[in-house]
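Chemist: Contents are compact mmCIF, C-alpha atoms; file name target18.txt:
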```txt
# COMPACT_ATOMS: atom_id res chain seq x y z
CA MET A 1 69.37 94.99 91.08
CA ALA A 2 71.46 93.04 88.63
CA ARG A 3 71.48 89.27 88.76
CA TYR A 4 74.29 86.77 88.29
CA ASP A 5 75.18 86.71 84.58
CA GLY A 6 74.40 83.10 83.75
CA ALA A 7 74.70 83.83 80.03
CA ALA A 8 78.44 84.60 80.32
CA LEU A 9 79.38 82.54 83.38
CA ARG A 10 78.68 79.03 84.64
CA PRO A 11 78.62 78.91 88.45
CA PRO A 12 81.12 76.63 90.20
CA THR A 13 80.01 73.20 91.34
CA PRO A 14 79.71 73.00 95.14
CA MET A 15 82.37 71.01 96.98
CA GLU A 16 83.62 70.51 100.51
CA PRO A 17 85.78 73.22 102.07
CA PRO A 18 89.53 72.68 101.65
CA SER A 19 91.85 70.96 104.06
CA PRO A 20 94.38 73.19 105.88
CA ALA A 21 97.03 72.40 103.23
CA GLU A 22 94.61 73.16 100.40
CA TRP A 23 93.55 76.37 102.17
CA ALA A 24 97.21 77.44 102.35
CA ALA A 25 97.55 76.83 98.59
CA LEU A 26 94.56 79.11 97.97
CA GLN A 27 95.99 82.10 99.84
CA PRO A 28 98.27 83.54 97.13
CA TRP A 29 95.37 83.40 94.67
CA ARG A 30 92.97 84.93 97.18
CA HIS A 31 95.44 87.79 97.68
CA TRP A 32 95.75 88.19 93.92
CA CYS A 33 91.97 88.55 93.67
CA LEU A 34 91.92 91.13 96.44
CA ALA A 35 94.87 93.19 95.16
CA GLY A 36 93.45 96.59 94.41
CA ALA A 37 89.92 95.43 95.24
CA VAL A 38 90.08 96.22 98.94
CA PRO A 39 89.33 98.78 100.21
CA ARG A 40 88.98 100.74 96.96
CA MET A 41 88.80 99.80 93.30
CA ASN A 42 92.35 100.69 92.25
CA LEU A 43 92.78 97.73 89.93
CA PRO A 44 89.51 97.15 88.07
CA TRP A 45 90.88 94.42 85.84
CA ALA A 46 93.59 91.80 86.20
CA VAL A 47 94.46 88.53 84.51
CA ALA A 48 96.72 85.71 85.70
CA ALA A 49 97.56 82.19 84.60
CA LEU A 50 97.41 79.31 87.04
CA ASP A 51 100.64 77.50 86.36
CA LEU A 52 99.49 74.05 87.39
CA ALA A 53 98.26 71.31 85.14
CA GLY A 54 95.35 68.93 85.16
CA GLU A 55 93.25 68.10 88.16
CA ASP A 56 95.30 70.16 90.65
CA ALA A 57 94.65 73.35 88.68
CA GLN A 58 90.97 72.53 88.22
CA ARG A 59 90.49 71.81 91.91
CA LEU A 60 92.32 74.96 93.01
CA ALA A 61 90.33 77.14 90.59
CA ALA A 62 87.03 75.63 91.78
CA ARG A 63 87.98 76.16 95.42
CA LEU A 64 88.99 79.76 94.74
CA CYS A 65 85.60 80.38 93.10
CA LEU A 66 83.76 78.93 96.10
CA GLU A 67 85.91 80.86 98.59
CA ARG A 68 85.37 84.17 96.76
CA ASP A 69 81.64 83.75 96.21
CA GLY A 70 80.94 83.07 99.87
CA SER A 71 79.68 79.51 99.37
CA TRP A 72 81.68 78.20 102.32
CA GLN A 73 80.62 81.13 104.52
CA LEU A 74 77.03 80.25 103.70
CA ALA A 75 77.58 76.54 104.42
CA ALA A 76 79.10 77.41 107.80
CA CYS A 77 76.02 79.38 108.90
CA GLN A 78 73.96 77.83 111.66
CA GLY A 79 70.39 77.22 110.54
CA ALA A 80 68.15 79.00 108.09
CA ALA A 81 68.27 82.27 110.02
CA GLY A 82 72.06 82.44 109.69
CA ARG A 83 71.92 81.76 105.96
CA ILE A 84 69.22 84.37 105.44
CA ALA A 85 71.21 86.91 107.45
CA LEU A 86 74.32 86.31 105.32
CA ARG A 87 72.32 86.63 102.10
CA LEU A 88 70.75 89.89 103.33
CA LYS A 89 74.19 91.20 104.29
CA THR A 90 75.46 90.44 100.78
CA LYS A 91 72.47 92.21 99.18
CA ALA A 92 72.94 95.20 101.50
CA GLN A 93 76.57 95.42 100.38
CA ASP A 94 75.38 95.47 96.75
CA TRP A 95 73.09 98.40 97.57
CA MET A 96 75.94 100.43 99.10
CA PRO A 97 78.46 101.02 96.30
CA TRP A 98 80.15 103.76 98.34
CA ARG A 99 81.02 101.29 101.09
CA PRO A 100 84.67 100.18 100.99
CA ARG A 101 84.99 96.55 99.99
CA GLN A 102 86.08 94.11 102.64
CA PRO A 103 88.14 90.92 102.12
CA ASP A 104 85.22 88.69 103.13
CA ASP A 105 82.62 90.35 100.89
CA ALA A 106 80.95 87.90 98.52
CA TRP A 107 82.01 88.04 94.89
CA ASP A 108 80.43 86.59 91.80
CA SER A 109 82.52 83.76 90.42
CA GLY A 110 82.19 81.30 87.61
CA TYR A 111 83.58 79.72 84.51
CA LEU A 112 83.60 81.50 81.19
CA ILE A 113 81.14 79.85 78.79
CA PRO A 114 83.21 79.29 75.62
CA THR A 115 80.32 79.23 73.15
CA ALA A 116 79.48 81.97 70.66
CA ALA A 117 76.53 82.97 72.85
CA GLY A 118 78.74 82.98 75.96
CA LEU A 119 81.32 85.21 74.31
CA GLN A 120 78.59 87.52 73.05
CA ALA A 121 77.23 87.78 76.61
CA LEU A 122 80.76 88.43 77.88
CA ALA A 123 81.07 91.33 75.43
CA GLN A 124 78.12 92.94 77.25
CA PHE A 125 79.19 91.84 80.73
CA GLN A 126 78.87 94.41 83.52
CA PRO A 127 79.89 93.12 86.95
CA ARG A 128 77.28 93.64 89.66
CA ARG A 129 79.96 93.03 92.29
CA ALA A 130 83.61 92.01 92.29
CA THR A 131 83.89 89.03 89.94
CA LEU A 132 86.27 86.12 89.44
CA ILE A 133 86.07 84.56 85.98
CA VAL A 134 87.84 81.27 85.34
CA ALA A 135 88.83 80.53 81.75
CA GLN A 136 89.51 76.81 81.78
CA GLY A 137 90.76 74.77 78.84
CA LEU A 138 89.88 77.36 76.21
CA GLN A 139 91.26 77.40 72.70
CA PRO A 140 93.79 80.23 72.23
CA ALA A 141 91.52 82.19 69.87
CA VAL A 142 88.60 82.02 72.31
CA LEU A 143 90.81 83.05 75.23
CA LEU A 144 92.24 85.96 73.25
CA ALA A 145 88.76 87.16 72.25
CA ALA A 146 87.53 86.96 75.85
CA THR A 147 90.58 88.75 77.23
CA GLU A 148 90.42 91.52 74.64
CA SER A 149 86.70 91.97 75.26
CA LEU A 150 87.17 92.40 79.00
CA ALA A 151 90.30 94.55 78.71
CA ALA A 152 88.64 96.92 76.24
CA ARG A 153 85.78 97.64 78.65
CA GLN A 154 87.63 97.64 81.98
CA ARG A 155 87.12 101.38 82.48
CA CYS A 156 83.36 100.76 82.53
CA PHE A 157 83.54 98.21 85.33
CA ALA A 158 82.01 99.41 88.60
CA ALA A 159 83.65 96.50 90.44
CA PRO A 160 86.93 94.61 90.08
CA VAL A 161 87.08 91.72 87.62
CA ARG A 162 89.73 88.98 87.76
CA LEU A 163 90.33 86.51 84.95
CA LEU A 164 92.13 83.34 85.98
CA VAL A 165 93.40 81.29 83.04
CA VAL A 166 93.64 77.54 83.69
CA ARG A 167 95.12 75.11 81.14
```
Show this structure as structure tokens.
Modeler:
Amino acid sequence: MARYDGAALRPPTPMEPPSPAEWAALQPWRHWCLAGAVPRMNLPWAVAALDLAGEDAQRLAARLCLERDGSWQLAACQGAAGRIALRLKTKAQDWMPWRPRQPDDAWDSGYLIPTAAGLQALAQFQPRRATLIVAQGLQPAVLLAATESLAARQRCFAAPVRLLVVR
């Protein structure tokens, strides 16, 4: 089984679940992630720009990563047995590629690593599961290279990939 690609992506930093107002702000972006990803892979690749600036954009992007990767589902589990059960469920979903994706399935999510090594790893990136990549504060040339790299290989993706661009 493939592992999280830590060479291309930096995992999000854990944070508390959002307030009801913050949760409402996440919903359009959650739906964007899921468009074409559930129940079948009709849209393997999509890119969008988060049109907010500064800390609001950074906070929303981080919360979207944590919502998509199941971090808050895991935190809500009661005891070790609940957490183990959720992790096993996620692994079982990885082993059943024929199973239609569900909105609450765990994704991989993380921030694009804007170094030469990170971009080289991105050029070889193969998603193990649906993946949300956040490109935050990148120089235009780096963002263009990353976008072109992912777009050129989208037909090879076995799972949906979403690139969220944050200023």
Chemist: Counting only C-alpha atoms, figure out which residue out of A:Pro12, A:Leu66, A:Gly82, A:Ala151 gets nearest to Leu122 in chain A.
Modeler: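 Answer, going by the shortest atom-to-atom distance: A:Ala151.
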Chemist: With a cut-off of 10 Å, could you pull out the residues of range 5-33 of chain A touching range 59-64 of chain A and give me the nearest pair of atoms for each, distance in Å to one decimal, using only C-alpha atoms, ordered by chain and ascending number, as JSON lines?
Modeler:
```
{"residue": "A:Pro11", "atom": "CA", "partner": "A:Ala62", "partner_atom": "CA", "distance": 9.6}
{"residue": "A:Pro12", "atom": "CA", "partner": "A:Ala62", "partner_atom": "CA", "distance": 6.2}
{"residue": "A:Thr13", "atom": "CA", "partner": "A:Ala62", "partner_atom": "CA", "distance": 7.4}
{"residue": "A:Pro14", "atom": "CA", "partner": "A:Ala62", "partner_atom": "CA", "distance": 8.5}
{"residue": "A:Met15", "atom": "CA", "partner": "A:Arg63", "partner_atom": "CA", "distance": 7.8}
{"residue": "A:Glu16", "atom": "CA", "partner": "A:Arg63", "partner_atom": "CA", "distance": 8.8}
{"residue": "A:Pro17", "atom": "CA", "partner": "A:Arg63", "partner_atom": "CA", "distance": 7.6}
{"residue": "A:Pro18", "atom": "CA", "partner": "A:Arg63", "partner_atom": "CA", "distance": 7.3}
{"residue": "A:Glu22", "atom": "CA", "partner": "A:Leu60", "partner_atom": "CA", "distance": 7.9}
{"residue": "A:Trp23", "atom": "CA", "partner": "A:Arg63", "partner_atom": "CA", "distance": 8.8}
{"residue": "A:Ala25", "atom": "CA", "partner": "A:Leu60", "partner_atom": "CA", "distance": 7.9}
{"residue": "A:Leu26", "atom": "CA", "partner": "A:Leu64", "partner_atom": "CA", "distance": 6.5}
{"residue": "A:Gln27", "atom": "CA", "partner": "A:Leu64", "partner_atom": "CA", "distance": 9.0}
{"residue": "A:Trp29", "atom": "CA", "partner": "A:Leu64", "partner_atom": "CA", "distance": 7.3}
{"residue": "A:Arg30", "atom": "CA", "partner": "A:Leu64", "partner_atom": "CA", "distance": 7.0}
{"residue": "A:Cys33", "atom": "CA", "partner": "A:Leu64", "partner_atom": "CA", "distance": 9.3}
```
Chemist: What does the distance from CA of Ala121 in chain A to CA of Asp5 in chain A come to in Å, to one decimal?
Modeler: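 Computing the Euclidean distance for CA of Ala121 in chain A and CA of Asp5 in chain A yields 8.3 Å.
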Chemist: Determine the nearest neighbour of Arg155 in chain A from the options A:Pro100, A:Gln126, A:Leu74, A:Gln136, counting only C-alpha atoms.
Modeler: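 Closest to Arg155 in chain A of all the choices is A:Gln126.
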Chemist: Ranking A:Cys156, A:Arg162, A:Ser19, A:Arg99 by minimum distance to His31 in chain A and counting only C-alpha atoms, which one comes first?
Modeler: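 Result for the nearest residue to His31 in chain A: A:Arg162.
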Chemist: From the options A:Glu148, A:Asp104, A:Asp56, A:Asp94, which residue's atoms come nearest to Trp72 in chain A, counting only C-alpha atoms?
Modeler: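 Under the stated criterion, the closest residue is A:Asp104.
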Chemist: So how far away is CA of Thr131 in chain A from CA of Arg10 in chain A, in Å?
Modeler: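 Rounded to one decimal, the two atoms are 12.5 Å apart.
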